[in-house]
Amino acid sequence: MNNKLFHTVAEKHNPPRPLLKNCVMSFIFGGVICAFGQCISLFYLYFFDFSEETVGDPTVATLILITMLLTGFGVYDKIAQIAGAGTMVPVTGFGNAVIASAIEHKSEGYVLGVGGNIFKLAGSVILFGVFASFVIALIKLILT
Amino acid sequence: MRFLYLCLATLVILTSCAPSEDTTFDTSLKQQYPELDTVESIITDDVIYVAMIVTPLKQFVEQQIAEDIKNDLQKKYPAHEVYTSSDMKAVIEVRRVEQPLSTDALDKLKSYDQSLEKEDE
Amino acid sequence: MLVSILVSFIVGGLICVCGQLIIDVFKQTPAFMLSLFVVIGSILDGLGLYEPFIDFAGAGATVPIMSFGNALVHGALEEAEQSGIIGVIIGMFQLTSAGITSAIVFGMIGALLFKPKS
């Protein structure tokens with residue numbers, strides 16, 4: 001059996017990438033998290049002194065608090081396996097990355113373990129977010 | 001499971017907050033501007049305050065709609081101070097506010113008028 | 001008002017599908033996808049498009065990670081209006097404080113409360 005024939009046979013036996021299923025799952029789970037976030041926003045609008053413009057802050061904080069509980073009890077990872085991007089894209093994914101790192105590296109001590117690793121997964125988001133925003137804000141200011 | 005009950009309870013409370021009947025001012029405003037879904041207004045001797053929720057697709061430009069209505073009403077009623085808001089919070093507050101309108105309550109409602117913030121900038 | 005829940009469900013779901021496509025079709029890592037989304041959020045706010053998007057979709061626009069980029073640029077520009085160009089550096093984290101602070105604080109609390117899996 002030569003190389004080419006091997007690859008042709010191997011390709012036939014590769015499990016097909018379930019793209020449609022992944023997209024449907026991420027749509028549903030991502031949508032549910034955002035809809036739940038909207039319920040939280042409405043709650044803060046009704047019972048607290050936030051306006052539609054400022055209600056995003058307590059909503060995000062509340063969602064990350066819930067993420068901490070789900071991550072701590074190991075539930076978030078199980079949901080993330082099914083939901084794919086549906087749990088990564090919302091800010092809960094960012095929270096989970098930070099909190100899961102913190103919990104995982106606790107055994108190495110708080111300073112080096114938790115402190116040294118807490119931004120391992122979230123670091124690139126903050127780095128590129130801040131740097132891109134810096135450049136974009138400068139461009140906008142220079143142009144206007 | 002308890003979270004689900006909390007969500008359901010919140011939804012029940014929200015749906016039971018029946019909006020008050022539309023005044024004639026509200027109805028005429030809705031006829032003039034079909035993109036308005038909900039209108040709650042306060043009219044005193046010196047002040048007209050209109051809080052609105054626009055239809056979902058028009059929400060991209062809701063702040064512009066609020067500003068247009070404000071300018072329109074200011075021309076129609078030059079003797080009054082006119083304030084408008086497309087913020088959902090303004091609608092909630094207007095439904096809750098007690099008559100007669102105190103200065104503090106009015107200041108709070110004015111804070112939801114986004115075109116005022118733009119004037120400050 | 002209840003319509004806003006449906007709108008945020010649909011919009012949030014669609015954004016997540018885009019993220020899924022970037023990972024599956026374009027074969028990128030999740031870290032790349034998230035960083036890309038934050039940068040997209042920054043660009044959209046630079047163009048003035050993200051705020052109307054939030055007016056429309058509510059939590060469907062503030063919950064995805066793109067709103068981080070929006071908040072960073074927004075804070076930078078707001079402070080720049082008051083303090084000049086140095087405001088870009090001063091104001092950057094003003095509006096993102098909620099997300100990052102809560103992630104750090106709850107991360108620490110989580111580390112204090114929970115046991116690692118391994």
# chains A, B, ... in the order shown; residues from 1 in each chain; ligands from 1
>>> residues_around(residues="range 106-122 of chain A", least_positions_apart="2", cutoff="10 Å", atoms="only C-alpha atoms", output="JSON, numbers by chain")
{"A": [93, 94, 95, 96, 97, 98, 99, 100, 101, 102, 103, 104, 124, 125, 126, 127], "C": [30, 31, 34, 35, 103, 104, 107, 108, 110, 111, 112, 114, 115, 116, 118]}
>>> residues_around(residues="range 32-34 of chain B", least_positions_apart="3", cutoff="9 Å", atoms="only C-alpha atoms", output="ChimeraX atom specification")
/B:27-29,37,54-55,69
>>> residues_around(residues="Glu93 in chain B", least_positions_apart="4", cutoff="8 Å", atoms="only C-alpha atoms", output="count of residues only")
3
>>> interface_residues(of="chain B", to="chain C", cutoff="7 Å", atoms="only C-alpha atoms", output="MDAnalysis selection string")
chainID B and resid 56 59:61
>>> write_last_selection(atoms="N, CA and C atoms", output="CSV table (one decimal), in the first residue's frame")
chain,number,residue,atom,x,y,z
B,56,PRO,N,-38.6,46.9,17.8
B,56,PRO,CA,-37.3,46.3,17.8
B,56,PRO,C,-36.3,46.7,16.7
B,59,GLN,N,-34.7,50.1,16.9
B,59,GLN,CA,-33.9,50.4,18.1
B,59,GLN,C,-32.5,50.8,17.7
B,60,PHE,N,-32.0,50.5,16.5
B,60,PHE,CA,-30.7,50.9,16.1
B,60,PHE,C,-30.6,52.5,16.2
B,61,VAL,N,-31.7,53.1,15.8
B,61,VAL,CA,-31.7,54.6,15.7
B,61,VAL,C,-32.6,55.2,16.8
>>> interface_residues(of="chain A", to="chain C", cutoff="7 Å", atoms="only C-alpha atoms", output="number ranges by chain")
A: 19, 23, 26-28, 30-32, 34-35, 37-39, 56-57, 60-61, 64-65, 68, 72, 84-86, 89-91, 95, 98-99, 102-104, 106, 124-125, 128-130, 132-134, 136-137, 140
>>> write_last_selection(atoms="N, CA and C atoms", output="CSV table (one decimal), in the first residue's frame")
chain,number,residue,atom,x,y,z
A,19,LEU,N,-20.1,19.9,11.9
A,19,LEU,CA,-20.2,21.3,11.9
A,19,LEU,C,-21.5,21.8,12.2
A,23,CYS,N,-22.7,24.1,15.4
A,23,CYS,CA,-23.3,25.5,15.2
A,23,CYS,C,-24.6,25.6,15.9
A,26,SER,N,-24.0,25.7,19.7
A,26,SER,CA,-23.4,27.0,20.1
A,26,SER,C,-24.5,28.1,20.0
A,27,PHE,N,-25.4,28.0,19.0
A,27,PHE,CA,-26.5,29.0,18.9
A,27,PHE,C,-27.4,28.9,20.1
A,28,ILE,N,-27.8,27.7,20.4
A,28,ILE,CA,-28.7,27.5,21.5
A,28,ILE,C,-28.1,27.9,22.8
A,30,GLY,N,-25.4,29.7,23.5
A,30,GLY,CA,-25.0,31.1,23.5
A,30,GLY,C,-26.2,32.0,23.7
A,31,GLY,N,-27.3,31.6,22.9
A,31,GLY,CA,-28.5,32.4,23.0
A,31,GLY,C,-29.1,32.4,24.4
A,32,VAL,N,-29.1,31.2,25.0
A,32,VAL,CA,-29.7,31.1,26.3
A,32,VAL,C,-28.9,31.9,27.3
A,34,CYS,N,-27.2,34.6,26.7
A,34,CYS,CA,-27.5,36.0,26.5
A,34,CYS,C,-28.9,36.4,26.9
A,35,ALA,N,-29.9,35.5,26.7
A,35,ALA,CA,-31.3,35.7,27.1
A,35,ALA,C,-31.3,35.8,28.6
A,37,GLY,N,-28.9,36.7,30.5
A,37,GLY,CA,-28.3,38.0,30.8
A,37,GLY,C,-29.3,39.1,30.6
A,38,GLN,N,-30.2,39.0,29.6
A,38,GLN,CA,-31.2,40.0,29.4
A,38,GLN,C,-32.2,40.0,30.6
A,39,CYS,N,-32.5,38.8,31.1
A,39,CYS,CA,-33.4,38.8,32.3
A,39,CYS,C,-32.8,39.4,33.5
A,56,GLY,N,-25.2,47.2,31.8
A,56,GLY,CA,-24.3,46.2,31.4
A,56,GLY,C,-23.3,45.7,32.4
A,57,ASP,N,-22.9,46.7,33.3
A,57,ASP,CA,-21.9,46.4,34.3
A,57,ASP,C,-22.4,45.4,35.3
A,60,VAL,N,-22.9,41.8,33.8
A,60,VAL,CA,-21.6,41.1,33.5
A,60,VAL,C,-21.1,40.5,34.9
A,61,ALA,N,-21.1,41.4,35.9
A,61,ALA,CA,-20.6,40.9,37.2
A,61,ALA,C,-21.4,39.8,37.7
A,64,ILE,N,-20.6,36.6,35.9
A,64,ILE,CA,-19.3,36.0,36.2
A,64,ILE,C,-19.5,35.3,37.6
A,65,LEU,N,-20.3,35.9,38.5
A,65,LEU,CA,-20.5,35.3,39.8
A,65,LEU,C,-21.1,33.9,39.6
A,68,MET,N,-18.6,31.5,38.4
A,68,MET,CA,-17.7,30.9,39.5
A,68,MET,C,-18.4,29.7,40.1
A,72,GLY,N,-16.8,26.1,39.8
A,72,GLY,CA,-16.4,25.4,41.1
A,72,GLY,C,-17.0,24.1,41.2
A,84,GLY,N,-19.6,24.2,23.0
A,84,GLY,CA,-18.5,24.8,22.1
A,84,GLY,C,-18.4,26.3,22.3
A,85,ALA,N,-18.5,27.0,21.2
A,85,ALA,CA,-18.4,28.4,21.2
A,85,ALA,C,-19.5,29.1,22.0
A,86,GLY,N,-20.6,28.4,22.2
A,86,GLY,CA,-21.7,29.0,22.9
A,86,GLY,C,-21.4,29.4,24.4
A,89,VAL,N,-17.8,32.3,23.8
A,89,VAL,CA,-18.0,33.7,23.3
A,89,VAL,C,-18.5,34.7,24.4
A,90,PRO,N,-19.6,34.3,25.1
A,90,PRO,CA,-20.1,35.2,26.2
A,90,PRO,C,-19.0,35.4,27.2
A,91,VAL,N,-19.2,36.5,28.0
A,91,VAL,CA,-18.2,36.9,29.0
A,91,VAL,C,-18.1,35.8,30.0
A,95,GLY,N,-14.8,34.6,32.1
A,95,GLY,CA,-14.8,34.3,33.6
A,95,GLY,C,-14.3,32.9,33.9
A,98,VAL,N,-10.5,32.4,33.6
A,98,VAL,CA,-9.8,33.0,34.7
A,98,VAL,C,-10.0,32.1,36.0
A,99,ILE,N,-11.3,31.8,36.3
A,99,ILE,CA,-11.6,31.1,37.5
A,99,ILE,C,-11.1,29.7,37.5
A,102,ALA,N,-7.5,29.7,38.2
A,102,ALA,CA,-7.2,30.0,39.6
A,102,ALA,C,-7.4,28.7,40.4
A,103,ILE,N,-8.5,28.0,40.2
A,103,ILE,CA,-8.8,26.8,41.0
A,103,ILE,C,-7.8,25.7,40.7
A,104,GLU,N,-7.5,25.5,39.5
A,104,GLU,CA,-6.6,24.4,39.1
A,104,GLU,C,-5.2,24.6,39.7
A,106,LYS,N,-4.3,26.2,42.4
A,106,LYS,CA,-4.3,26.4,43.8
A,106,LYS,C,-3.3,25.5,44.5
A,124,SER,N,-4.4,36.7,26.3
A,124,SER,CA,-4.4,37.2,24.9
A,124,SER,C,-5.6,38.1,24.7
A,125,VAL,N,-6.7,37.8,25.3
A,125,VAL,CA,-7.9,38.7,25.1
A,125,VAL,C,-7.6,40.1,25.6
A,128,PHE,N,-4.6,41.9,23.4
A,128,PHE,CA,-5.0,42.4,22.1
A,128,PHE,C,-6.2,43.4,22.2
A,129,GLY,N,-7.1,43.2,23.2
A,129,GLY,CA,-8.2,44.1,23.3
A,129,GLY,C,-7.6,45.5,23.7
A,130,VAL,N,-6.7,45.6,24.7
A,130,VAL,CA,-6.2,46.9,25.1
A,130,VAL,C,-5.4,47.5,24.0
A,132,ALA,N,-5.4,46.9,20.7
A,132,ALA,CA,-6.2,47.4,19.5
A,132,ALA,C,-7.0,48.6,19.9
A,133,SER,N,-7.6,48.6,21.1
A,133,SER,CA,-8.4,49.8,21.5
A,133,SER,C,-7.5,51.1,21.5
A,134,PHE,N,-6.3,50.9,22.0
A,134,PHE,CA,-5.4,52.0,22.1
A,134,PHE,C,-5.2,52.6,20.7
A,136,ILE,N,-7.0,52.1,17.9
A,136,ILE,CA,-8.2,52.6,17.3
A,136,ILE,C,-8.6,54.0,17.9
A,137,ALA,N,-8.5,54.1,19.2
A,137,ALA,CA,-8.8,55.4,19.9
A,137,ALA,C,-7.9,56.5,19.4
A,140,LYS,N,-8.9,57.4,15.8
A,140,LYS,CA,-10.2,58.2,15.8
A,140,LYS,C,-9.9,59.6,16.3
>>> closest_atom_pairs(of="chain A", to="chain B", cutoff="7 Å", atoms="only C-alpha atoms", output="JSON lines")
{"residue": "A:Leu45", "atom": "CA", "partner": "B:Lys89", "partner_atom": "CA", "distance": 6.1}
{"residue": "A:Tyr46", "atom": "CA", "partner": "B:Ile92", "partner_atom": "CA", "distance": 7.0}
{"residue": "A:Ser51", "atom": "CA", "partner": "B:Lys89", "partner_atom": "CA", "distance": 5.1}
{"residue": "A:Glu52", "atom": "CA", "partner": "B:Asp87", "partner_atom": "CA", "distance": 5.7}
>>> atom_distance(atom1="CA of Glu79 in chain C", atom2="CA of Gln63 in chain B")
22.0 Å
>>> atom_distance(atom1="CA of Ala83 in chain A", atom2="CA of Pro18 in chain A")
12.5 Å
